[in-house]
Amino acid sequence: MAHRNPALRLRFAGVALALVAGASGLLSGCSSAEVEKQQRLEQADFHYRLANGYFHAGSVDLAIRELISGLEIEQSHADSRYLYGFILFGRKRYEEAAEHFRKALQSKPDFYAARNILGATYIELERYYDAVATLEPLTREPRYTTPFHAYNNLGLAYFRQGDLRQAEKNFRMAVFHNPKFCQGYRNLGLVHVAQRDYAAAVEQLTEAVTRCPRYAELHLQRGEALEADRRFDEADKSFQKCAELAGDTPIGRRCKARLRGAAGGGG
């Protein structure tokens with residue numbers, strides 16, 4: 001029933017107006033905060049794009065400068081965290097890199113590339129339990145388009161722990177998902193070397209060099225497996241190919257030293 005008292009009607013109207021004004025203020029404040037956050041993200045993204053350009057041009061210090069500038073504006077910019085972590089990973093500053101990858105994932109939980117490289121960083125830090133816990137979810141994630149990377153890193157975590165059965169299982173899954181993945185075949189070969197199954201190691205390392213024939217270290221490792229299998233002539237050919245590819249580098253010199261007849265060589 002409507003109030004007949006004009007004073008009461010005015011009083012209730014005032015309360016209603018106050019509630020509406022309060023709600024409007026809350027909505028306006030929330031909207032303003034969101035707008036400010038979006039503006040900070042856009043500014044950080046500008047610095048990220050500059051940094052990405054510098055990084056791919058080989059000007060890494062300039063890239064770092066832009067990344068720091070962007071992160072000072074907005075700490076939650078996931079791409080900046082990822083690129084900065086990637087640079088630090090390359091410089092073997094693994095603890096700092098891991099912190100950036102973790103923060104990238106906090107801002108963007110479905111940043112699968114950041115999760116994969118965080119797992120790889122934990123491997124370098126010898127935190128194998130953390131590596132497995134980080135990488136295993138990626139192998140079950142249907143939206144992750146390069147699962148062979150996760151399987152390969154998971155295999156490395158198990159390999160470093162000495163669990164050759166789990167290492168082999170994951171390396172096999174890596175090459176199953178990407179039959180052209182030469183590193184997966186290489187790692188399978190190294191598992192077989194650790195198992196002293198040199199014939200199987202040669203088979204996998206031959207698959208690796210077939211897919212990546214310009215990778216000198218693969219020829220070195222294939223030559224070592226052939227030598228362990230007492231197939232010395234074939235081993236020499238692998239060492240020779242490695243030496244040709246690597247030239248006067250540490251790997252090239254190692255391969256030359258392994259040639260039969262070379263000073264310090266085997267055979």
# chains A, B, ... in the order shown; residues from 1 in each chain; ligands from 1
$ residues_around --residues "Leu164 (chain A)" --least-positions-apart "3" --cutoff "8 Å" --atoms "only C-alpha atoms" --output "count of residues only"
6
$ residues_around --residues "Asn116 (chain A)" --least-positions-apart "2" --cutoff "10 Å" --atoms "only C-alpha atoms" --output "list of chain:residue names"
A:Phe101, A:Phe111, A:Tyr112, A:Ala113, A:Ala114, A:Leu118, A:Gly119, A:Ala120, A:Thr121, A:Ala131, A:Thr134, A:Leu135, A:Glu136, A:Pro137, A:Leu138, A:Thr146, A:Pro147, A:His149, A:Ala150, A:Tyr151, A:Asn153, A:Leu154
$ select_by_dssp --residues "region 31-187 of chain A" --states "helix (DSSP H, G or I)" --output "PyMOL selection string"
chain A and resi 31-56+60-73+78-90+94-107+112-124+128-139+147-161+164-177+182-187
$ residues_around --residues "Lys180 (chain A)" --least-positions-apart "2" --cutoff "10 Å" --atoms "only C-alpha atoms" --output "list in words"
Ala174, Val175, Phe176, His177, Asn178, Cys182, Gln183, Gly184, Tyr185, Glu207, Ala208, Thr210, Arg211 and Cys212 of chain A
$ write_last_selection --atoms "N, CA and C atoms" --output "PDB file, in the first residue's frame"
ATOM      1  N   ALA A 174      57.673 -38.596 -27.182  1.00  0.00           N
ATOM      2  CA  ALA A 174      58.078 -37.373 -27.887  1.00  0.00           C
ATOM      3  C   ALA A 174      58.180 -37.615 -29.387  1.00  0.00           C
ATOM      4  N   VAL A 175      58.850 -38.707 -29.793  1.00  0.00           N
ATOM      5  CA  VAL A 175      58.998 -38.962 -31.233  1.00  0.00           C
ATOM      6  C   VAL A 175      57.707 -39.515 -31.837  1.00  0.00           C
ATOM      7  N   PHE A 176      56.846 -40.090 -31.008  1.00  0.00           N
ATOM      8  CA  PHE A 176      55.527 -40.506 -31.502  1.00  0.00           C
ATOM      9  C   PHE A 176      54.724 -39.275 -31.922  1.00  0.00           C
ATOM     10  N   HIS A 177      54.771 -38.232 -31.081  1.00  0.00           N
ATOM     11  CA  HIS A 177      54.019 -37.005 -31.389  1.00  0.00           C
ATOM     12  C   HIS A 177      54.684 -36.194 -32.489  1.00  0.00           C
ATOM     13  N   ASN A 178      56.001 -36.321 -32.638  1.00  0.00           N
ATOM     14  CA  ASN A 178      56.707 -35.603 -33.699  1.00  0.00           C
ATOM     15  C   ASN A 178      57.810 -36.506 -34.263  1.00  0.00           C
ATOM     16  N   CYS A 182      64.499 -34.750 -33.985  1.00  0.00           N
ATOM     17  CA  CYS A 182      65.797 -35.424 -33.891  1.00  0.00           C
ATOM     18  C   CYS A 182      66.308 -35.502 -32.462  1.00  0.00           C
ATOM     19  N   GLN A 183      66.012 -34.512 -31.633  1.00  0.00           N
ATOM     20  CA  GLN A 183      66.485 -34.557 -30.253  1.00  0.00           C
ATOM     21  C   GLN A 183      65.857 -35.711 -29.477  1.00  0.00           C
ATOM     22  N   GLY A 184      64.619 -36.051 -29.821  1.00  0.00           N
ATOM     23  CA  GLY A 184      63.990 -37.192 -29.173  1.00  0.00           C
ATOM     24  C   GLY A 184      64.720 -38.490 -29.485  1.00  0.00           C
ATOM     25  N   TYR A 185      65.088 -38.688 -30.755  1.00  0.00           N
ATOM     26  CA  TYR A 185      65.851 -39.883 -31.141  1.00  0.00           C
ATOM     27  C   TYR A 185      67.227 -39.874 -30.477  1.00  0.00           C
ATOM     28  N   GLU A 207      68.775 -42.466 -36.656  1.00  0.00           N
ATOM     29  CA  GLU A 207      67.524 -41.748 -36.938  1.00  0.00           C
ATOM     30  C   GLU A 207      67.717 -40.253 -36.694  1.00  0.00           C
ATOM     31  N   ALA A 208      68.438 -39.919 -35.627  1.00  0.00           N
ATOM     32  CA  ALA A 208      68.650 -38.512 -35.288  1.00  0.00           C
ATOM     33  C   ALA A 208      69.452 -37.787 -36.366  1.00  0.00           C
ATOM     34  N   THR A 210      69.862 -38.617 -39.431  1.00  0.00           N
ATOM     35  CA  THR A 210      69.107 -38.595 -40.691  1.00  0.00           C
ATOM     36  C   THR A 210      68.187 -37.370 -40.738  1.00  0.00           C
ATOM     37  N   ARG A 211      67.609 -37.030 -39.595  1.00  0.00           N
ATOM     38  CA  ARG A 211      66.672 -35.906 -39.533  1.00  0.00           C
ATOM     39  C   ARG A 211      67.372 -34.565 -39.327  1.00  0.00           C
ATOM     40  N   CYS A 212      68.517 -34.572 -38.680  1.00  0.00           N
ATOM     41  CA  CYS A 212      69.279 -33.334 -38.435  1.00  0.00           C
ATOM     42  C   CYS A 212      70.730 -33.537 -38.859  1.00  0.00           C
TER      43      CYS A 212
END
$ atom_distance --atom1 "CA of Phe89 (chain A)" --atom2 "CA of Ile64 (chain A)"
13.0 Å
$ residues_around --residues "Leu41 (chain A)" --least-positions-apart "4" --cutoff "8 Å" --atoms "only C-alpha atoms" --output "MDAnalysis selection string"
chainID A and resid 37 45 73:74 77
$ residues_around --residues "region 226-231 of chain A" --least-positions-apart "5" --cutoff "10 Å" --atoms "only C-alpha atoms" --output "JSON, numbers by chain"
{"A": [193, 196, 197, 198, 199, 200, 201, 202, 203, 205, 220, 221, 236, 238, 258, 266, 267]}
$ closest_residue --among "A:Gln106, A:Gln204, A:Ala78, A:Arg127" --to "Pro179 (chain A)" --atoms "only C-alpha atoms"
A:Gln204
$ residues_around --residues "Arg81 (chain A)" --least-positions-apart "4" --cutoff "8 Å" --atoms "only C-alpha atoms" --output "ChimeraX atom specification"
/A:71,76-77,85,100-101,103-104
$ atom_distance --atom1 "CA of Leu67 (chain A)" --atom2 "CA of Tyr84 (chain A)"
6.8 Å
$ closest_residue --among "A:Tyr144, A:His219, A:Tyr82, A:Asp248" --to "Asp110 (chain A)" --atoms "only C-alpha atoms"
A:Tyr144
$ closest_residue --among "A:Lys237, A:Arg222, A:Arg91, A:Arg115" --to "Thr206 (chain A)" --atoms "only C-alpha atoms"
A:Arg222
$ atom_distance --atom1 "CA of Tyr122 (chain A)" --atom2 "CA of Tyr215 (chain A)"
25.7 Å
